[in-house]
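S.K.: Below is my_file-v6.pdb; it holds PDB, C-alpha atoms and all ligand atoms.
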```
ATOM      1  CA  MET A   1       2.389  -3.783 -10.075  1.00  0.00           C
ATOM      2  CA  ARG A   2      -1.311  -3.382 -10.897  1.00  0.00           C
ATOM      3  CA  ALA A   3      -0.417  -0.429 -13.118  1.00  0.00           C
ATOM      4  CA  PHE A   4       2.649  -1.923 -14.785  1.00  0.00           C
ATOM      5  CA  GLY A   5       1.020  -1.912 -18.206  1.00  0.00           C
ATOM      6  CA  SER A   6       0.946   1.893 -18.066  1.00  0.00           C
ATOM      7  CA  VAL A   7       4.711   2.290 -17.815  1.00  0.00           C
ATOM      8  CA  GLY A   8       5.741  -0.244 -20.449  1.00  0.00           C
ATOM      9  CA  GLY A   9       8.370  -2.972 -20.401  1.00  0.00           C
ATOM     10  CA  ASP A  10       8.207  -6.357 -18.780  1.00  0.00           C
ATOM     11  CA  PRO A  11       7.502  -6.634 -15.054  1.00  0.00           C
ATOM     12  CA  LEU A  12      10.200  -8.092 -12.840  1.00  0.00           C
ATOM     13  CA  TYR A  13       9.363 -11.287 -11.006  1.00  0.00           C
ATOM     14  CA  ILE A  14      11.140 -10.916  -7.692  1.00  0.00           C
ATOM     15  CA  VAL A  15      11.609 -14.136  -5.754  1.00  0.00           C
ATOM     16  CA  ARG A  16      13.863 -13.158  -2.839  1.00  0.00           C
ATOM     17  CA  GLY A  17      15.009 -10.179  -0.810  1.00  0.00           C
ATOM     18  CA  GLN A  18      17.726  -9.764   1.788  1.00  0.00           C
ATOM     19  CA  GLY A  19      18.547  -6.421   3.345  1.00  0.00           C
ATOM     20  CA  SER A  20      18.637  -3.810   0.585  1.00  0.00           C
ATOM     21  CA  HIS A  21      18.980  -6.333  -2.266  1.00  0.00           C
ATOM     22  CA  ILE A  22      16.439  -8.360  -4.247  1.00  0.00           C
ATOM     23  CA  TRP A  23      16.735 -11.160  -6.804  1.00  0.00           C
ATOM     24  CA  ASP A  24      14.493 -11.958  -9.738  1.00  0.00           C
ATOM     25  CA  ALA A  25      13.401 -15.368 -10.994  1.00  0.00           C
ATOM     26  CA  ASP A  26      16.343 -15.432 -13.416  1.00  0.00           C
ATOM     27  CA  GLY A  27      18.856 -14.909 -10.607  1.00  0.00           C
ATOM     28  CA  ASN A  28      19.628 -11.251 -11.369  1.00  0.00           C
ATOM     29  CA  GLU A  29      20.437  -9.152  -8.305  1.00  0.00           C
ATOM     30  CA  TYR A  30      19.183  -5.580  -7.801  1.00  0.00           C
ATOM     31  CA  VAL A  31      19.496  -2.852  -5.200  1.00  0.00           C
ATOM     32  CA  ASP A  32      15.947  -2.249  -3.968  1.00  0.00           C
ATOM     33  CA  TYR A  33      15.377   1.498  -3.834  1.00  0.00           C
ATOM     34  CA  VAL A  34      11.612   0.967  -3.422  1.00  0.00           C
ATOM     35  CA  GLY A  35      11.459  -0.786  -0.046  1.00  0.00           C
ATOM     36  CA  SER A  36       7.818  -1.637  -0.662  1.00  0.00           C
ATOM     37  CA  TRP A  37       7.227   2.152  -0.733  1.00  0.00           C
ATOM     38  CA  GLY A  38       7.984   2.545   2.931  1.00  0.00           C
ATOM     39  CA  PRO A  39       7.128  -0.478   5.068  1.00  0.00           C
ATOM     40  CA  LEU A  40      10.485  -2.174   4.554  1.00  0.00           C
ATOM     41  CA  ILE A  41      12.427   0.444   6.462  1.00  0.00           C
ATOM     42  CA  LEU A  42      14.496  -2.354   8.028  1.00  0.00           C
ATOM     43  CA  GLY A  43      15.160  -4.032   4.678  1.00  0.00           C
ATOM     44  CA  HIS A  44      14.093  -7.434   3.420  1.00  0.00           C
ATOM     45  CA  ALA A  45      13.930 -10.392   5.791  1.00  0.00           C
ATOM     46  CA  ALA A  46      15.235  -8.431   8.777  1.00  0.00           C
ATOM     47  CA  PRO A  47      15.813 -10.982  11.575  1.00  0.00           C
ATOM     48  CA  THR A  48      13.786  -8.997  14.133  1.00  0.00           C
ATOM     49  CA  VAL A  49      10.844  -8.784  11.717  1.00  0.00           C
ATOM     50  CA  ILE A  50      11.060 -12.496  10.872  1.00  0.00           C
ATOM     51  CA  GLU A  51      11.061 -13.384  14.579  1.00  0.00           C
ATOM     52  CA  ALA A  52       8.069 -11.102  15.234  1.00  0.00           C
ATOM     53  CA  VAL A  53       6.127 -12.611  12.306  1.00  0.00           C
ATOM     54  CA  ILE A  54       6.840 -16.163  13.485  1.00  0.00           C
ATOM     55  CA  ALA A  55       5.850 -15.292  17.066  1.00  0.00           C
ATOM     56  CA  ALA A  56       2.602 -13.675  15.893  1.00  0.00           C
ATOM     57  CA  ALA A  57       1.784 -16.612  13.582  1.00  0.00           C
ATOM     58  CA  ARG A  58       2.146 -19.052  16.474  1.00  0.00           C
ATOM     59  CA  ASP A  59      -0.908 -17.383  18.054  1.00  0.00           C
ATOM     60  CA  GLY A  60      -2.980 -17.830  14.882  1.00  0.00           C
ATOM     61  CA  THR A  61      -3.178 -15.700  11.782  1.00  0.00           C
ATOM     62  CA  SER A  62      -6.786 -14.599  11.226  1.00  0.00           C
ATOM     63  CA  PHE A  63      -9.698 -14.271  13.650  1.00  0.00           C
ATOM     64  CA  ARG A  64     -12.091 -11.942  11.814  1.00  0.00           C
ATOM     65  CA  SER A  65     -12.434 -10.069  15.067  1.00  0.00           C
ATOM     66  CA  PHE A  66     -10.773  -7.310  17.078  1.00  0.00           C
ATOM     67  CA  HIS A  67      -7.153  -7.620  18.085  1.00  0.00           C
ATOM     68  CA  PRO A  68      -5.236  -5.355  20.469  1.00  0.00           C
ATOM     69  CA  SER A  69      -2.699  -4.476  17.790  1.00  0.00           C
ATOM     70  CA  ARG A  70      -5.505  -2.897  15.720  1.00  0.00           C
ATOM     71  CA  SER A  71      -7.604  -1.312  18.423  1.00  0.00           C
ATOM     72  CA  GLY A  72      -5.052   1.165  19.691  1.00  0.00           C
ATOM     73  CA  SER A  73      -5.450  -0.130  23.229  1.00  0.00           C
ATOM     74  CA  ARG A  74      -2.626   0.014  25.740  1.00  0.00           C
ATOM     75  CA  ARG A  75      -1.731  -3.587  24.969  1.00  0.00           C
ATOM     76  CA  ALA A  76      -0.572  -2.365  21.575  1.00  0.00           C
ATOM     77  CA  GLY A  77       1.754   0.074  23.262  1.00  0.00           C
ATOM     78  CA  HIS A  78       4.709  -0.899  21.100  1.00  0.00           C
ATOM     79  CA  PHE A  79       3.103   1.145  18.308  1.00  0.00           C
ATOM     80  CA  ARG A  80       3.841   4.740  19.179  1.00  0.00           C
ATOM     81  CA  PHE A  81       2.882   7.609  16.888  1.00  0.00           C
ATOM     82  CA  SER A  82       3.520  10.867  18.664  1.00  0.00           C
ATOM     83  CA  ALA A  83       2.102  13.056  15.884  1.00  0.00           C
ATOM     84  CA  HIS A  84      -1.125  11.089  15.400  1.00  0.00           C
ATOM     85  CA  ALA A  85      -4.124  10.823  17.672  1.00  0.00           C
ATOM     86  CA  LYS A  86      -5.336   7.750  15.778  1.00  0.00           C
ATOM     87  CA  VAL A  87      -3.810   5.353  13.279  1.00  0.00           C
ATOM     88  CA  ARG A  88      -5.692   3.062  10.924  1.00  0.00           C
ATOM     89  CA  PHE A  89      -3.913   0.017   9.546  1.00  0.00           C
ATOM     90  CA  VAL A  90      -5.049  -1.226   6.148  1.00  0.00           C
ATOM     91  CA  SER A  91      -3.963  -3.972   3.811  1.00  0.00           C
ATOM     92  CA  SER A  92      -3.280  -2.006   0.659  1.00  0.00           C
ATOM     93  CA  GLY A  93      -2.546   1.396  -0.806  1.00  0.00           C
ATOM     94  CA  THR A  94      -6.000   1.416  -2.378  1.00  0.00           C
ATOM     95  CA  GLU A  95      -7.645   1.095   1.032  1.00  0.00           C
ATOM     96  CA  ALA A  96      -5.342   3.766   2.478  1.00  0.00           C
ATOM     97  CA  THR A  97      -6.249   6.184  -0.302  1.00  0.00           C
ATOM     98  CA  MET A  98      -9.981   5.439   0.020  1.00  0.00           C
ATOM     99  CA  SER A  99      -9.808   6.007   3.778  1.00  0.00           C
ATOM    100  CA  ALA A 100      -7.879   9.268   3.324  1.00  0.00           C
ATOM    101  CA  ILE A 101     -10.477  10.559   0.835  1.00  0.00           C
ATOM    102  CA  ARG A 102     -13.366   9.576   3.090  1.00  0.00           C
ATOM    103  CA  LEU A 103     -11.704  11.287   6.057  1.00  0.00           C
ATOM    104  CA  ALA A 104     -10.950  14.444   4.041  1.00  0.00           C
ATOM    105  CA  ARG A 105     -14.543  14.640   2.738  1.00  0.00           C
ATOM    106  CA  ALA A 106     -15.986  14.162   6.219  1.00  0.00           C
ATOM    107  CA  TYR A 107     -13.711  16.776   7.734  1.00  0.00           C
ATOM    108  CA  THR A 108     -13.981  19.417   5.000  1.00  0.00           C
ATOM    109  CA  LYS A 109     -17.642  18.656   4.091  1.00  0.00           C
ATOM    110  CA  ARG A 110     -16.517  18.982   0.478  1.00  0.00           C
ATOM    111  CA  LYS A 111     -17.528  16.571  -2.255  1.00  0.00           C
ATOM    112  CA  TYR A 112     -14.785  16.799  -4.862  1.00  0.00           C
ATOM    113  CA  ILE A 113     -11.170  15.691  -4.826  1.00  0.00           C
ATOM    114  CA  VAL A 114      -8.351  16.620  -7.208  1.00  0.00           C
ATOM    115  CA  LYS A 115      -6.813  13.659  -8.988  1.00  0.00           C
ATOM    116  CA  PHE A 116      -3.839  14.224 -11.288  1.00  0.00           C
ATOM    117  CA  GLU A 117      -3.819  12.692 -14.753  1.00  0.00           C
ATOM    118  CA  GLY A 118      -1.163  10.063 -15.192  1.00  0.00           C
ATOM    119  CA  CYS A 119      -0.997   9.113 -11.539  1.00  0.00           C
ATOM    120  CA  TYR A 120      -2.071   5.798 -10.058  1.00  0.00           C
ATOM    121  CA  HIS A 121      -3.611   5.827  -6.600  1.00  0.00           C
ATOM    122  CA  GLY A 122      -5.260   2.434  -6.431  1.00  0.00           C
ATOM    123  CA  HIS A 123      -7.954   0.383  -8.139  1.00  0.00           C
ATOM    124  CA  ALA A 124     -11.118   1.968  -6.677  1.00  0.00           C
ATOM    125  CA  ASP A 125     -13.334   3.355  -9.467  1.00  0.00           C
ATOM    126  CA  ALA A 126     -12.948   7.018  -8.486  1.00  0.00           C
ATOM    127  CA  LEU A 127      -9.169   6.634  -8.417  1.00  0.00           C
ATOM    128  CA  LEU A 128      -8.926   5.073 -11.865  1.00  0.00           C
ATOM    129  CA  VAL A 129      -9.806   8.232 -13.787  1.00  0.00           C
ATOM    130  CA  LYS A 130      -6.965   8.764 -16.263  1.00  0.00           C
ATOM    131  CA  PRO A 131      -4.378   6.638 -14.498  1.00  0.00           C
ATOM    132  CA  ASP A 132      -1.992   6.981 -17.425  1.00  0.00           C
ATOM    133  CA  ARG A 133      -1.046   9.891 -19.677  1.00  0.00           C
ATOM    134  CA  ARG A 134      -2.997   8.521 -22.622  1.00  0.00           C
ATOM    135  CA  GLY A 135      -6.155   8.995 -20.576  1.00  0.00           C
ATOM    136  CA  HIS A 136      -7.122   5.341 -20.596  1.00  0.00           C
ATOM    137  CA  ALA A 137      -9.148   3.967 -17.745  1.00  0.00           C
ATOM    138  CA  ARG A 138      -7.853   0.448 -18.236  1.00  0.00           C
ATOM    139  CA  TYR A 139      -9.258  -1.309 -15.239  1.00  0.00           C
ATOM    140  CA  SER A 140     -12.933  -0.574 -14.809  1.00  0.00           C
ATOM    141  CA  GLY A 141     -14.374   0.681 -18.072  1.00  0.00           C
ATOM    142  CA  ILE A 142     -15.067   4.173 -16.691  1.00  0.00           C
ATOM    143  CA  SER A 143     -14.767   7.025 -19.144  1.00  0.00           C
ATOM    144  CA  GLY A 144     -12.147   9.192 -17.487  1.00  0.00           C
ATOM    145  CA  ARG A 145     -14.387  12.260 -17.745  1.00  0.00           C
ATOM    146  CA  SER A 146     -15.810  12.363 -14.224  1.00  0.00           C
TER     147      SER A 146
HETATM  148  C1  LIG A 201       0.433   6.536  -4.791  1.00  0.00           C
HETATM  149  C2  LIG A 201      -0.256   5.189  -4.725  1.00  0.00           C
HETATM  150  N1  LIG A 201      -1.440   5.114  -4.122  1.00  0.00           N
HETATM  151  C3  LIG A 201      -2.102   3.940  -4.065  1.00  0.00           C
HETATM  152  C4  LIG A 201      -1.572   2.789  -4.636  1.00  0.00           C
HETATM  153  C5  LIG A 201      -2.339   1.505  -4.572  1.00  0.00           C
HETATM  154  O1  LIG A 201      -1.708   0.551  -3.773  1.00  0.00           O
HETATM  155  P1  LIG A 201      -2.183  -0.970  -3.783  1.00  0.00           P
HETATM  156  O2  LIG A 201      -1.720  -1.576  -5.065  1.00  0.00           O
HETATM  157  O3  LIG A 201      -1.482  -1.540  -2.570  1.00  0.00           O
HETATM  158  O4  LIG A 201      -3.683  -1.012  -3.655  1.00  0.00           O
HETATM  159  C6  LIG A 201      -0.332   2.833  -5.254  1.00  0.00           C
HETATM  160  C7  LIG A 201       0.250   1.624  -5.865  1.00  0.00           C
HETATM  161  O5  LIG A 201       1.043   1.689  -6.773  1.00  0.00           O
HETATM  162  C8  LIG A 201       0.341   4.071  -5.307  1.00  0.00           C
HETATM  163  O6  LIG A 201       1.540   4.174  -5.919  1.00  0.00           O
END
```
Will you turn the file into structure tokens for me?
M.R.:
Amino acid sequence: MRAFGSVGGDPLYIVRGQGSHIWDADGNEYVDYVGSWGPLILGHAAPTVIEAVIAAARDGTSFRSFHPSRSGSRRAGHFRFSAHAKVRFVSSGTEATMSAIRLARAYTKRKYIVKFEGCYHGHADALLVKPDRRGHARYSGISGRS
């Protein structure tokens, strides 16, 4: 949605989702092929997810501290990733991309990354170089030449 101006048209204002369908503010129904780009593998408002969210919220929503579900301790055993030694949860795609770049640079000891023109990978300065095909860096005022 942050990059909607680059693709043209008017953004949809989605107000409700159920299973694989979503509805906009005007009441139009759509099949959601996006699924929040992955996290909604169970569809919108899946009863098991709703119950888990309510149960978690009953214990409080923000502590600005460690929590077993983030630390990878045994108490978070319901998260199982057989192919990964460690998993980092983040709040946005921008943070995920920044973390991936930092990890890649640390591991490879290389400085540069390849970023394709016309692709959006988040709103960090280094990721906003030529986010659209016209070469505009719309969000931060950077030149697009770095
Ligand atoms: C490939 C890719 N990376 C990163 C992002 C940034 O995600 P967010 O808007 O959650 O920061 C997006 C969002 O469109 C994306 O499509």
S.K.: Using all atoms listed in the file, which residues have at least one atom no more than 8 Å from ligand LIG 201 (chain A)? Output them as an MDAnalysis selection string.
M.R.: chainID A and resid 1:3 37 91:97 119:123
S.K.: I'd like the interatomic distance between atom CA of A:Ala55 and atom CA of A:Gly38, to a tenth of an Å.
M.R.: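 Between atom CA of A:Ala55 and atom CA of A:Gly38 the gap works out to 22.9 Å.
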S.K.: Quote the spacing between atom CA of A:Val31 and atom CA of A:Leu12 in Å to one decimal place.
M.R.: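 If I compute the distance from atom CA of A:Val31 to atom CA of A:Leu12, I get 13.1 Å.
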S.K.: Provide the atom CA of A:Ala126 to atom CA of A:Ile101 distance in Å, to one decimal place.
M.R.: 10.3 Å
S.K.: Can you tell me, as a JSON list (two decimals) with C-alpha atoms, in the coordinates of the input, what residues are no more than 9 Å from A:Arg16 when counting all atoms listed in the file, ignoring any on the same chain fewer than 4 positions away?
M.R.:
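Wrote out04.json, looks like this:
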```
[["chain", "number", "residue", "atom", "x", "y", "z"],
["A", 21, "HIS", "CA", 18.98, -6.33, -2.27],
["A", 22, "ILE", "CA", 16.44, -8.36, -4.25],
["A", 23, "TRP", "CA", 16.74, -11.16, -6.80],
["A", 24, "ASP", "CA", 14.49, -11.96, -9.74],
["A", 25, "ALA", "CA", 13.40, -15.37, -10.99],
["A", 44, "HIS", "CA", 14.09, -7.43, 3.42]]
```
S.K.: Got a sec to resolve the PyMOL selection byres (((chain A and resi 17) around 12) and not hetatm) on this structure and send the residues as an MDAnalysis selection string?
M.R.: chainID A and resid 13:16 18:25 27:32 34:36 40 42:46
